[in-house]
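S.K.: Data: work.txt, compact mmCIF, C-alpha atoms.
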```txt
# COMPACT_ATOMS: atom_id res chain seq x y z
CA MET S 13 93.92 140.85 90.99
CA ALA S 14 96.24 139.64 93.70
CA GLY S 15 97.93 136.26 93.53
CA ASN S 16 100.32 135.66 96.36
CA HIS S 17 101.37 133.19 98.97
CA ARG S 18 103.25 132.76 102.22
CA HIS S 19 105.58 129.90 102.85
CA ALA S 20 109.00 128.76 103.94
CA HIS S 21 111.03 126.41 101.76
CA GLY S 22 113.33 125.23 104.52
CA PRO S 23 113.38 121.67 105.76
CA ALA S 24 110.05 120.08 106.53
CA SER S 25 109.08 120.28 110.14
CA GLY S 26 109.84 116.63 110.61
CA ALA S 27 113.23 116.72 108.93
CA GLU S 28 114.57 119.82 110.62
CA GLY S 29 114.07 118.37 114.11
CA THR S 30 115.87 115.09 113.44
CA ASP S 31 119.19 114.61 115.24
CA ALA S 32 121.25 112.01 113.37
CA ARG S 33 123.53 111.34 116.35
CA TRP S 34 120.74 109.79 118.44
CA LEU S 35 119.50 107.80 115.44
CA ALA S 36 122.99 106.43 114.79
CA GLY S 37 123.19 105.36 118.44
CA ALA S 38 119.86 103.54 118.20
CA LEU S 39 120.98 101.85 114.97
CA ALA S 40 124.23 100.58 116.49
CA LEU S 41 122.41 99.26 119.57
CA ILE S 42 119.84 97.39 117.49
CA LEU S 43 122.37 95.84 115.11
CA ALA S 44 124.54 94.59 117.97
CA PHE S 45 121.65 92.96 119.81
CA MET S 46 120.11 91.55 116.62
CA ALA S 47 123.28 89.60 115.80
CA GLY S 48 123.28 88.01 119.23
CA GLU S 49 119.56 87.27 119.07
CA VAL S 50 119.86 85.36 115.79
CA ILE S 51 122.50 83.11 117.35
CA ALA S 52 120.39 82.60 120.48
CA GLY S 53 117.24 81.94 118.44
CA LEU S 54 118.93 79.24 116.37
CA ALA S 55 120.46 77.65 119.48
CA ALA S 56 117.10 77.65 121.33
CA ASN S 57 115.12 76.60 118.21
CA SER S 58 112.79 79.55 118.90
CA LEU S 59 110.78 81.04 116.03
CA ALA S 60 109.67 83.84 118.36
CA LEU S 61 113.28 84.96 118.86
CA ILE S 62 114.06 84.64 115.17
CA SER S 63 110.93 86.61 114.28
CA ASP S 64 111.95 89.30 116.76
CA ALA S 65 115.39 89.40 115.17
CA ALA S 66 113.80 89.70 111.71
CA HIS S 67 111.69 92.54 113.00
CA MET S 68 114.80 94.18 114.42
CA LEU S 69 116.36 93.93 110.97
CA THR S 70 113.47 96.01 109.64
CA ASP S 71 114.00 98.37 112.61
CA ALA S 72 117.60 98.85 111.52
CA ALA S 73 116.57 99.31 107.89
CA SER S 74 113.95 101.88 108.84
CA ILE S 75 116.45 103.90 110.88
CA GLY S 76 118.95 103.69 108.03
CA LEU S 77 116.30 105.01 105.65
CA VAL S 78 115.53 107.85 108.05
CA LEU S 79 119.20 108.85 108.12
CA VAL S 80 119.43 108.84 104.32
CA THR S 81 116.08 110.40 103.45
CA THR S 82 116.35 113.12 106.10
CA ARG S 83 119.51 114.32 104.37
CA LEU S 84 117.77 114.18 101.00
CA ALA S 85 114.71 116.05 102.31
CA ALA S 86 116.92 118.83 103.68
CA ARG S 87 118.37 119.61 100.25
CA PRO S 88 117.17 122.90 98.73
CA PRO S 89 114.88 122.84 95.67
CA ALA S 90 116.75 122.47 92.39
CA GLY S 91 115.87 121.91 88.76
CA GLY S 92 112.53 120.20 88.23
CA TYR S 93 112.19 119.34 91.94
CA THR S 94 110.52 122.58 92.98
CA TYR S 95 109.81 121.29 96.49
CA GLY S 96 113.19 119.62 96.75
CA LEU S 97 113.19 115.96 97.82
CA LYS S 98 110.96 116.35 100.87
CA ARG S 99 108.78 113.41 99.88
CA ALA S 100 111.75 111.05 100.04
CA GLU S 101 110.74 110.73 103.70
CA ILE S 102 107.27 109.56 102.69
CA LEU S 103 108.74 107.00 100.28
CA SER S 104 110.78 105.68 103.21
CA ALA S 105 107.70 105.48 105.44
CA GLN S 106 105.75 103.57 102.79
CA ALA S 107 108.66 101.18 102.21
CA ASN S 108 108.78 100.51 105.96
CA GLY S 109 105.06 99.78 106.04
CA ILE S 110 105.16 97.39 103.09
CA THR S 111 108.18 95.58 104.54
CA LEU S 112 106.40 95.06 107.85
CA VAL S 113 103.31 93.58 106.18
CA LEU S 114 105.29 91.23 103.91
CA LEU S 115 107.50 90.02 106.74
CA ALA S 116 104.43 89.49 108.93
CA ALA S 117 102.88 87.28 106.23
CA TRP S 118 105.94 85.01 106.14
CA LEU S 119 106.23 84.80 109.92
CA GLY S 120 102.50 84.10 110.25
CA TYR S 121 102.73 81.18 107.83
CA THR S 122 105.72 79.71 109.65
CA ALA S 123 104.09 80.16 113.07
CA ILE S 124 100.95 78.32 111.97
CA ARG S 125 103.07 75.41 110.78
CA ARG S 126 104.74 75.31 114.21
CA LEU S 127 101.37 75.30 115.92
CA VAL S 128 100.53 72.11 114.06
CA THR S 129 103.89 70.45 114.75
CA PRO S 130 105.66 72.25 117.61
CA PRO S 131 109.41 71.61 117.95
CA ALA S 132 111.23 71.55 121.28
CA VAL S 133 112.16 75.06 122.44
CA ALA S 134 114.62 76.14 125.15
CA GLY S 135 112.32 78.27 127.29
CA GLY S 136 115.06 79.59 129.59
CA THR S 137 117.05 81.01 126.67
CA VAL S 138 113.93 82.53 125.15
CA LEU S 139 113.01 84.24 128.42
CA ALA S 140 116.51 85.61 129.08
CA VAL S 141 117.01 86.97 125.55
CA ALA S 142 113.53 88.48 125.44
CA LEU S 143 114.09 90.36 128.71
CA VAL S 144 117.34 91.79 127.35
CA GLY S 145 115.44 92.67 124.18
CA VAL S 146 112.91 94.65 126.20
CA ALA S 147 115.71 96.70 127.75
CA VAL S 148 117.38 97.27 124.36
CA ASN S 149 114.15 98.41 122.75
CA VAL S 150 113.35 100.78 125.62
CA ALA S 151 116.78 102.34 125.15
CA ALA S 152 116.34 102.54 121.36
CA THR S 153 112.89 104.10 121.77
CA LEU S 154 114.29 106.81 124.05
CA LEU S 155 117.07 107.52 121.55
CA ILE S 156 114.57 107.96 118.72
CA VAL S 157 112.41 110.25 120.84
CA ARG S 158 115.53 112.33 121.52
CA ALA S 159 116.30 112.34 117.79
CA GLY S 160 112.86 113.82 117.14
CA GLY S 161 113.28 116.57 119.72
CA GLY S 162 112.31 114.72 122.89
CA ARG S 163 108.57 115.47 122.68
CA GLY S 164 106.97 112.02 122.44
CA VAL S 165 105.99 110.46 119.11
CA PRO S 166 107.91 112.28 116.34
CA ARG S 167 105.84 114.48 114.00
CA SER S 168 107.77 113.38 110.91
CA LEU S 169 106.00 110.39 109.34
CA ASN S 170 109.40 109.03 108.37
CA LEU S 171 110.78 109.16 111.91
CA ALA S 172 107.40 108.07 113.31
CA GLY S 173 107.74 104.96 111.13
CA ALA S 174 111.02 104.04 112.80
CA PHE S 175 109.46 104.82 116.19
CA ARG S 176 106.55 102.45 115.48
CA HIS S 177 108.96 99.73 114.43
CA ILE S 178 110.79 99.96 117.75
CA VAL S 179 107.64 100.19 119.91
CA THR S 180 106.10 97.24 118.07
CA ASP S 181 109.28 95.28 118.73
CA LEU S 182 109.08 96.22 122.41
CA TYR S 183 105.60 94.70 122.66
CA ALA S 184 106.81 91.69 120.71
CA PHE S 185 109.65 91.05 123.14
CA ALA S 186 107.21 91.26 126.03
CA ALA S 187 105.07 88.58 124.36
CA THR S 188 108.17 86.47 123.70
CA ALA S 189 109.24 86.76 127.34
CA VAL S 190 105.83 85.49 128.44
CA ALA S 191 106.14 82.60 125.98
CA GLY S 192 109.59 81.73 127.32
CA LEU S 193 108.29 81.73 130.89
CA VAL S 194 105.34 79.49 129.93
CA ILE S 195 107.64 77.02 128.16
CA LEU S 196 110.06 77.04 131.09
CA LEU S 197 107.33 76.39 133.68
CA THR S 198 104.96 74.10 131.77
CA GLY S 199 106.83 72.76 128.75
CA PHE S 200 104.04 74.06 126.44
CA ALA S 201 106.15 74.49 123.26
CA ARG S 202 103.30 75.98 121.22
CA ALA S 203 103.64 79.15 123.31
CA ASP S 204 106.58 80.07 121.05
CA ALA S 205 104.40 80.01 117.92
CA ILE S 206 101.59 81.85 119.72
CA ALA S 207 104.01 84.62 120.71
CA THR S 208 105.10 84.82 117.06
CA LEU S 209 101.49 85.33 115.97
CA VAL S 210 101.19 88.17 118.49
CA VAL S 211 104.24 89.74 116.85
CA VAL S 212 102.61 89.25 113.44
CA VAL S 213 99.45 91.09 114.49
CA LEU S 214 101.48 94.02 115.83
CA MET S 215 103.55 94.16 112.64
CA VAL S 216 100.48 94.18 110.40
CA GLN S 217 98.88 96.92 112.48
CA ALA S 218 101.97 99.14 112.38
CA GLY S 219 102.66 98.45 108.70
CA ALA S 220 99.09 99.11 107.58
CA GLY S 221 99.08 102.42 109.46
CA LEU S 222 102.25 103.57 107.71
CA ILE S 223 100.94 102.53 104.29
CA ARG S 224 97.64 104.32 104.89
CA GLU S 225 99.21 107.56 106.13
CA SER S 226 101.89 107.72 103.45
CA GLY S 227 99.27 106.87 100.82
CA ARG S 228 97.17 109.87 101.88
CA ILE S 229 100.11 112.16 101.21
CA PHE S 230 100.88 110.60 97.83
CA LEU S 231 97.21 110.92 96.82
CA GLU S 232 97.23 114.62 97.79
CA ALA S 233 94.55 114.10 100.46
CA ALA S 234 93.95 116.75 103.11
CA PRO S 235 95.81 116.12 106.39
CA ALA S 236 94.00 113.65 108.62
CA GLY S 237 91.52 115.42 110.87
CA LEU S 238 91.31 118.53 108.67
CA ASP S 239 87.97 119.02 106.86
CA PRO S 240 88.43 121.10 103.66
CA GLY S 241 84.71 121.93 103.67
CA ALA S 242 84.99 123.46 107.12
CA VAL S 243 88.09 125.40 106.07
CA GLY S 244 86.39 126.75 102.93
CA ALA S 245 83.29 127.79 104.85
CA ALA S 246 85.42 129.52 107.49
CA MET S 247 87.36 131.38 104.81
CA ALA S 248 84.10 132.53 103.17
CA ARG S 249 82.97 134.04 106.48
CA ARG S 250 86.00 136.32 106.69
CA ARG S 251 85.38 140.03 106.17
CA HIS S 252 84.80 141.21 102.56
CA VAL S 253 85.01 137.67 101.11
CA THR S 254 82.08 136.88 98.78
CA GLU S 255 83.18 133.43 97.56
CA VAL S 256 85.92 130.82 97.86
CA HIS S 257 86.23 128.09 95.26
CA ASP S 258 88.84 125.81 93.67
CA LEU S 259 90.06 125.10 97.21
CA HIS S 260 92.77 122.46 97.56
CA ILE S 261 94.44 121.32 100.79
CA TRP S 262 97.19 118.73 100.85
CA GLU S 263 100.50 117.83 102.51
CA ILE S 264 103.82 118.34 100.76
CA THR S 265 105.35 116.03 103.36
CA SER S 266 104.41 115.11 106.92
CA GLY S 267 103.95 118.22 109.04
CA MET S 268 103.98 120.55 106.00
CA PRO S 269 100.35 121.26 104.93
CA ALA S 270 99.64 123.49 101.96
CA ALA S 271 96.56 125.13 100.45
CA SER S 272 95.52 126.98 97.32
CA ALA S 273 92.23 128.69 96.47
CA HIS S 274 90.51 131.27 94.28
CA VAL S 275 88.94 133.99 96.42
CA LEU S 276 86.41 136.65 95.31
CA VAL S 277 86.29 139.92 97.22
CA ALA S 278 83.49 142.48 97.43
CA PRO S 279 83.84 145.30 94.82
CA GLY S 280 85.86 148.24 96.06
CA GLU S 281 87.59 146.37 98.89
CA ASP S 282 91.34 145.86 99.20
CA CYS S 283 92.25 142.47 97.71
CA HIS S 284 95.73 142.54 99.24
CA ALA S 285 94.38 143.15 102.74
CA VAL S 286 91.86 140.31 102.36
CA ARG S 287 94.58 137.97 101.13
CA ALA S 288 96.85 138.85 104.08
CA ASP S 289 93.97 138.27 106.49
CA LEU S 290 93.19 134.86 104.99
CA GLU S 291 96.83 133.79 105.06
CA ALA S 292 97.12 134.72 108.74
CA PHE S 293 93.81 132.98 109.46
CA LEU S 294 94.91 129.73 107.75
CA SER S 295 98.21 129.79 109.60
CA ASP S 296 96.77 130.54 113.04
CA GLU S 297 93.67 128.33 112.91
CA TYR S 298 94.83 125.36 110.84
CA GLY S 299 98.62 125.47 110.81
CA ILE S 300 98.68 125.98 107.03
CA THR S 301 101.70 128.24 106.50
CA HIS S 302 102.12 127.45 102.79
CA ALA S 303 99.05 129.07 101.20
CA THR S 304 98.73 130.27 97.59
CA LEU S 305 95.65 132.43 97.06
CA GLN S 306 94.38 133.99 93.82
CA VAL S 307 92.27 136.97 94.87
CA ASP S 308 89.94 138.94 92.54
CA HIS S 309 87.11 141.42 92.85
CA ALA S 310 83.67 139.90 92.30
CA GLY S 311 81.62 141.24 89.39
CA LEU S 312 84.52 142.73 87.39
CA PRO S 313 85.19 141.80 83.74
CA PRO S 314 86.93 138.42 83.69
CA ALA S 315 90.66 138.11 83.31
CA PRO S 316 92.13 135.72 80.69
CA GLY S 317 91.40 132.12 81.55
CA LEU S 318 88.23 133.03 83.50
CA ILE S 319 84.60 133.30 82.46
CA GLN S 320 81.96 135.54 84.01
CA VAL S 321 78.84 133.88 85.38
CA SER S 322 76.09 135.68 87.34
CA GLN S 323 78.25 138.76 87.97
CA GLU S 324 81.03 136.65 89.53
CA GLN S 325 84.26 135.20 88.22
CA HIS S 326 84.73 131.45 88.14
CA CYS S 327 87.53 129.23 86.91
CA ASP S 328 86.88 127.47 83.62
CA ASP S 329 87.33 124.11 85.37
CA ALA S 330 86.94 124.72 89.10
CA HIS S 331 87.34 121.72 91.38
CA GLY S 332 85.07 121.12 94.34
CA PRO S 333 82.24 123.25 95.75
CA ALA S 334 82.06 127.02 96.07
CA TYR S 335 81.79 128.52 99.56
CA ARG S 336 79.86 131.73 100.20
CA PRO S 337 78.97 133.67 103.38
CA GLY S 338 75.83 132.36 105.00
CA ASP S 339 75.43 129.34 102.72
CA GLY S 340 74.79 127.05 105.73
CA ARG S 341 78.04 125.09 105.68
```
Produce structure tokens that represent the structure in this file.

M.R.:
Amino acid sequence: MAGNHRHAHGPASGAEGTDARWLAGALALILAFMAGEVIAGLAANSLALISDAAHMLTDAASIGLVLVTTRLAARPPAGGYTYGLKRAEILSAQANGITLVLLAAWLGYTAIRRLVTPPAVAGGTVLAVALVGVAVNVAATLLIVRAGGGRGVPRSLNLAGAFRHIVTDLYAFAATAVAGLVILLTGFARADAIATLVVVVLMVQAGAGLIRESGRIFLEAAPAGLDPGAVGAAMARRRHVTEVHDLHIWEITSGMPAASAHVLVAPGEDCHAVRADLEAFLSDEYGITHATLQVDHAGLPPAPGLIQVSQEQHCDDAHGPAYRPGDGR
């Protein structure tokens, strides 16, 4: 019997590529502009500006969480935390998502009230501040992209959460700028509340996405877009493999998929060679570099904890289907 695995217990792929200097720069930029926006929003009596400022507060909080949890995730495993604190990043992402949804609910309620009874709004101030906000958010977005390695949307769900906050705010400022222009040209004060509702929709969309993706990791689901059935069937088609069962695929943290399985090998074949082939196959084809495989010969007397059924070994309580060569999957 061969039970072995290949893995690396360094920082998760998302954590290791995070540059705290760029994040700190984005955080300072956002906090400075947010303070000025609150003052301008109160002076202009603009809910759209205040809602943007509230969203920027969650931007700042999300970046702060990234800075803290990235350090936690990089700590080596110790004591009962055998994977370290890598999922601290996922906790941060879920907190960001929940915060966005709750804040959106409050802003939506307030915006609807303003649609019914619109107050006077200084459109010129709204337009000017919103345009500055667009520039600030573009700069902050570029800083976060640099923090993640400069390759577009960061792979880390934690850093991607902060990225979504900033991009959502960018769209929100664009909507607020349009509202300010409409108020300035036509005097239509309800444009401020309408722009706020646009912000609310964007916040709910971004927040729900973060909650859904972080929830998949907490529930040990397979990475999005990866079909465990297809993986099991592909493993069963490898040379000398007679069956794969008890297959589990999950994510330890974003960008760090893992798998475990019980593999039966044809009698007389080299279990260690089959295991090495499967590990390389999982890594090359599916990006699963943390694989733990229990490999046995089919048809041999069962080891402790196993029972023999129809000349093959099976776990006492195997989870999921068994995959065999040529079974049509």

S.K.: Here is a test: counting only C-alpha atoms, which residue of S:Arg224, S:Phe200, S:Tyr335, S:Ile62 is nearest to Ala242 (chain S)?

M.R.: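 For Ala242 (chain S), the nearest of the given residues is S:Tyr335.
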
S.K.: Quick check, in Å to one decimal: how far apart do CA of Val141 (chain S) and CA of Met46 (chain S) lie?

M.R.: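 For CA of Val141 (chain S) relative to CA of Met46 (chain S), the distance reads 10.5 Å.
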
S.K.: Return the single residue from S:Arg251, S:Ala292, S:Val213, S:Tyr298 that is closest to Asp239 (chain S), with distances computed using all atoms listed in the file.

M.R.: S:Tyr298

S.K.: List every residue of region 110-206 of chain S that has an atom at most 9 Å from any atom of region 50-59 of chain S, and for each one report the closest atom pair and its distance in Å to one decimal, counting all atoms listed in the file, with rows sorted by chain and then by increasing residue number, as a tab-separated table.

M.R.:
```
residue	atom	partner	partner_atom	distance
S:Leu119	CA	S:Leu59	CA	8.5
S:Thr122	CA	S:Leu59	CA	8.3
S:Ala123	CA	S:Leu59	CA	7.4
S:Arg126	CA	S:Leu59	CA	8.5
S:Pro131	CA	S:Asn57	CA	7.6
S:Ala132	CA	S:Asn57	CA	7.1
S:Val133	CA	S:Asn57	CA	5.4
S:Ala134	CA	S:Ala56	CA	4.8
S:Gly135	CA	S:Ala56	CA	7.7
S:Gly136	CA	S:Ala56	CA	8.7
S:Thr137	CA	S:Ala56	CA	6.3
S:Val138	CA	S:Ala56	CA	7.0
S:Val141	CA	S:Ala52	CA	7.5
S:Asp204	CA	S:Ser58	CA	6.6
S:Ala205	CA	S:Leu59	CA	6.7
```

S.K.: So the first atom is CA of Pro269 (chain S) and the second is CA of Trp34 (chain S); what is the distance between them in Å, to one decimal place?

M.R.: 27.0 Å

S.K.: Using all atoms listed in the file, which of the listed residues (S:Val256, S:Ala278, S:Ala218, S:Ala191) sits closest to Leu290 (chain S)?

M.R.: S:Val256

S.K.: CA of Pro130 (chain S) to CA of Ala116 (chain S): how many Å, to one decimal?

M.R.: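 Between these atoms lies a distance of 19.3 Å.
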
S.K.: Have a look at S:Ala285, S:Leu182, S:Val211, S:Leu305 and name the one nearest to His260 (chain S); count all atoms listed in the file.

M.R.: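 Of all the options, S:Leu305 lies closest to His260 (chain S).
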
S.K.: Could you name the residues that touch Gly244 (chain S) at 12 Å or less, counting all atoms listed in the file, but leaving out those on the same chain fewer than 4 positions away, as a ChimeraX atom specification?

M.R.: /S:238-240,248-250,253-261,271-275,290,293-294,298,332-337,339-341

S.K.: Using all atoms listed in the file, I'd like a table of the residues in region 97-129 of chain S that come within 8 Å of region 68-89 of chain S; for each, show the closest atom pair and its distance in Å rounded to one decimal, ordered by chain and ascending number, as CSV.

M.R.:
```
residue,atom,partner,partner_atom,distance
S:Leu97,CA,S:Ala85,CA,4.7
S:Lys98,CA,S:Ala85,CA,4.0
S:Arg99,CA,S:Ala85,CA,6.9
S:Ala100,CA,S:Thr81,CA,5.5
S:Glu101,CA,S:Thr81,CA,5.4
S:Ser104,CA,S:Leu77,CA,6.1
S:Ala105,CA,S:Ser74,CA,8.0
S:Asn108,CA,S:Ser74,CA,6.1
S:Thr111,CA,S:Thr70,CA,7.4
S:Leu112,CA,S:Thr70,CA,7.4
```

S.K.: Got time to write the residues from that selection, C-alpha atoms, as a CSV table (one decimal), in the coordinates of the input?

M.R.:
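Output saved as selection20.csv:
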```csv
chain,number,residue,atom,x,y,z
S,97,LEU,CA,113.2,116.0,97.8
S,98,LYS,CA,111.0,116.4,100.9
S,99,ARG,CA,108.8,113.4,99.9
S,100,ALA,CA,111.8,111.0,100.0
S,101,GLU,CA,110.7,110.7,103.7
S,104,SER,CA,110.8,105.7,103.2
S,105,ALA,CA,107.7,105.5,105.4
S,108,ASN,CA,108.8,100.5,106.0
S,111,THR,CA,108.2,95.6,104.5
S,112,LEU,CA,106.4,95.1,107.8
```

S.K.: With distances taken over all atoms listed in the file, which residue among S:Trp118, S:Leu143, S:Ala270, S:Gly280 lies nearest His302 (chain S)?

M.R.: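 Checking each candidate against His302 (chain S), we get S:Ala270 as the closest.
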
S.K.: Go through S:Leu222, S:Val157, S:Val277, S:Ala303 and flag the residue nearest Val113 (chain S), using only C-alpha atoms for the distances.

M.R.: S:Leu222

S.K.: Hey, what's within 8 Å of Asp64 (chain S) if we count all atoms listed in the file and toss same-chain stuff fewer than 6 positions away? As a list in words, please?

M.R.: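 Here the qualifying residues turn out to be Asp181, Ala184, Phe185 and Val211 of chain S.
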
S.K.: Using C-alpha atoms, can you write the selected residues to a file as an mmCIF file, in the frame of the given file?

M.R.:
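Listing of selection.cif after writing:
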```
data_model
loop_
_atom_site.group_PDB
_atom_site.id
_atom_site.type_symbol
_atom_site.label_atom_id
_atom_site.label_comp_id
_atom_site.auth_asym_id
_atom_site.auth_seq_id
_atom_site.Cartn_x
_atom_site.Cartn_y
_atom_site.Cartn_z
ATOM 1 C CA ASP S 181 109.280 95.280 118.730
ATOM 2 C CA ALA S 184 106.810 91.690 120.710
ATOM 3 C CA PHE S 185 109.650 91.050 123.140
ATOM 4 C CA VAL S 211 104.240 89.740 116.850
#
```

S.K.: Hey, what's within 8 Å of region 228-232 of chain S if we count all atoms listed in the file and toss same-chain stuff fewer than 6 positions away? As a PyMOL selection string, please?

M.R.: chain S and resi 102+261-266

S.K.: Can you list, as a list in words, every protein, DNA or RNA residue that comes within 10 Å of Leu41 (chain S) when you count only C-alpha atoms, leaving out same-chain residues fewer than 4 positions away?

M.R.: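 Everything that qualifies: Leu35, Ala36, Gly37, Phe45, Met46, Ala72, Val148, Asn149, Ala151 and Ala152 of chain S.
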
S.K.: Is it possible to produce a file of region 118-145 of chain S from this structure, with N, CA and C atoms, as an mmCIF file, in the first residue's frame?

M.R.:
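Below is the file decode_30.cif, written as the result:
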```
data_model
loop_
_atom_site.group_PDB
_atom_site.id
_atom_site.type_symbol
_atom_site.label_atom_id
_atom_site.label_comp_id
_atom_site.auth_asym_id
_atom_site.auth_seq_id
_atom_site.Cartn_x
_atom_site.Cartn_y
_atom_site.Cartn_z
ATOM 1 N N TRP S 118 -29.288 49.679 3.852
ATOM 2 C CA TRP S 118 -29.562 50.968 4.514
ATOM 3 C C TRP S 118 -29.619 52.102 3.491
ATOM 4 N N LEU S 119 -28.668 52.126 2.575
ATOM 5 C CA LEU S 119 -28.647 53.181 1.571
ATOM 6 C C LEU S 119 -29.866 53.100 0.648
ATOM 7 N N GLY S 120 -30.293 51.885 0.313
ATOM 8 C CA GLY S 120 -31.475 51.718 -0.527
ATOM 9 C C GLY S 120 -32.722 52.280 0.136
ATOM 10 N N TYR S 121 -32.876 52.005 1.424
ATOM 11 C CA TYR S 121 -34.028 52.524 2.172
ATOM 12 C C TYR S 121 -34.024 54.057 2.179
ATOM 13 N N THR S 122 -32.859 54.631 2.446
ATOM 14 C CA THR S 122 -32.756 56.095 2.505
ATOM 15 C C THR S 122 -33.000 56.724 1.131
ATOM 16 N N ALA S 123 -32.498 56.091 0.084
ATOM 17 C CA ALA S 123 -32.679 56.615 -1.273
ATOM 18 C C ALA S 123 -34.151 56.617 -1.670
ATOM 19 N N ILE S 124 -34.863 55.559 -1.310
ATOM 20 C CA ILE S 124 -36.290 55.494 -1.643
ATOM 21 C C ILE S 124 -37.060 56.620 -0.946
ATOM 22 N N ARG S 125 -36.698 56.891 0.304
ATOM 23 C CA ARG S 125 -37.337 57.995 1.013
ATOM 24 C C ARG S 125 -37.072 59.324 0.293
ATOM 25 N N ARG S 126 -35.869 59.486 -0.238
ATOM 26 C CA ARG S 126 -35.538 60.730 -0.935
ATOM 27 C C ARG S 126 -36.213 60.803 -2.306
ATOM 28 N N LEU S 127 -36.542 59.675 -2.880
ATOM 29 C CA LEU S 127 -37.309 59.713 -4.122
ATOM 30 C C LEU S 127 -38.707 60.266 -3.881
ATOM 31 N N VAL S 128 -39.266 59.918 -2.733
ATOM 32 C CA VAL S 128 -40.613 60.388 -2.397
ATOM 33 C C VAL S 128 -40.592 61.884 -2.079
ATOM 34 N N THR S 129 -39.610 62.295 -1.279
ATOM 35 C CA THR S 129 -39.505 63.710 -0.891
ATOM 36 C C THR S 129 -38.081 64.177 -1.146
ATOM 37 N N PRO S 130 -37.778 64.610 -2.355
ATOM 38 C CA PRO S 130 -36.392 64.969 -2.686
ATOM 39 C C PRO S 130 -35.993 66.315 -2.087
ATOM 40 N N PRO S 131 -34.861 66.369 -1.389
ATOM 41 C CA PRO S 131 -34.369 67.666 -0.891
ATOM 42 C C PRO S 131 -33.584 68.391 -1.977
ATOM 43 N N ALA S 132 -33.298 69.654 -1.745
ATOM 44 C CA ALA S 132 -32.466 70.415 -2.684
ATOM 45 C C ALA S 132 -31.023 69.918 -2.610
ATOM 46 N N VAL S 133 -30.400 69.754 -3.765
ATOM 47 C CA VAL S 133 -29.034 69.229 -3.838
ATOM 48 C C VAL S 133 -28.190 70.156 -4.700
ATOM 49 N N ALA S 134 -26.954 70.419 -4.250
ATOM 50 C CA ALA S 134 -26.038 71.278 -5.014
ATOM 51 C C ALA S 134 -25.375 70.450 -6.107
ATOM 52 N N GLY S 135 -25.924 70.519 -7.309
ATOM 53 C CA GLY S 135 -25.454 69.671 -8.399
ATOM 54 C C GLY S 135 -24.009 69.923 -8.790
ATOM 55 N N GLY S 136 -23.567 71.196 -8.756
ATOM 56 C CA GLY S 136 -22.193 71.512 -9.132
ATOM 57 C C GLY S 136 -21.181 70.838 -8.212
ATOM 58 N N THR S 137 -21.458 70.866 -6.910
ATOM 59 C CA THR S 137 -20.561 70.221 -5.944
ATOM 60 C C THR S 137 -20.542 68.719 -6.143
ATOM 61 N N VAL S 138 -21.719 68.147 -6.373
ATOM 62 C CA VAL S 138 -21.812 66.703 -6.608
ATOM 63 C C VAL S 138 -20.984 66.301 -7.825
ATOM 64 N N LEU S 139 -21.104 67.040 -8.910
ATOM 65 C CA LEU S 139 -20.382 66.725 -10.133
ATOM 66 C C LEU S 139 -18.872 66.824 -9.925
ATOM 67 N N ALA S 140 -18.418 67.910 -9.295
ATOM 68 C CA ALA S 140 -16.979 68.125 -9.108
ATOM 69 C C ALA S 140 -16.370 67.028 -8.219
ATOM 70 N N VAL S 141 -17.029 66.740 -7.109
ATOM 71 C CA VAL S 141 -16.497 65.730 -6.185
ATOM 72 C C VAL S 141 -16.511 64.342 -6.829
ATOM 73 N N ALA S 142 -17.549 64.051 -7.568
ATOM 74 C CA ALA S 142 -17.647 62.736 -8.208
ATOM 75 C C ALA S 142 -16.534 62.541 -9.234
ATOM 76 N N LEU S 143 -16.217 63.587 -9.993
ATOM 77 C CA LEU S 143 -15.147 63.473 -10.985
ATOM 78 C C LEU S 143 -13.795 63.242 -10.318
ATOM 79 N N VAL S 144 -13.572 63.926 -9.192
ATOM 80 C CA VAL S 144 -12.341 63.672 -8.438
ATOM 81 C C VAL S 144 -12.350 62.233 -7.904
ATOM 82 N N GLY S 145 -13.531 61.789 -7.474
ATOM 83 C CA GLY S 145 -13.652 60.425 -6.968
ATOM 84 C C GLY S 145 -13.324 59.379 -8.022
#
```
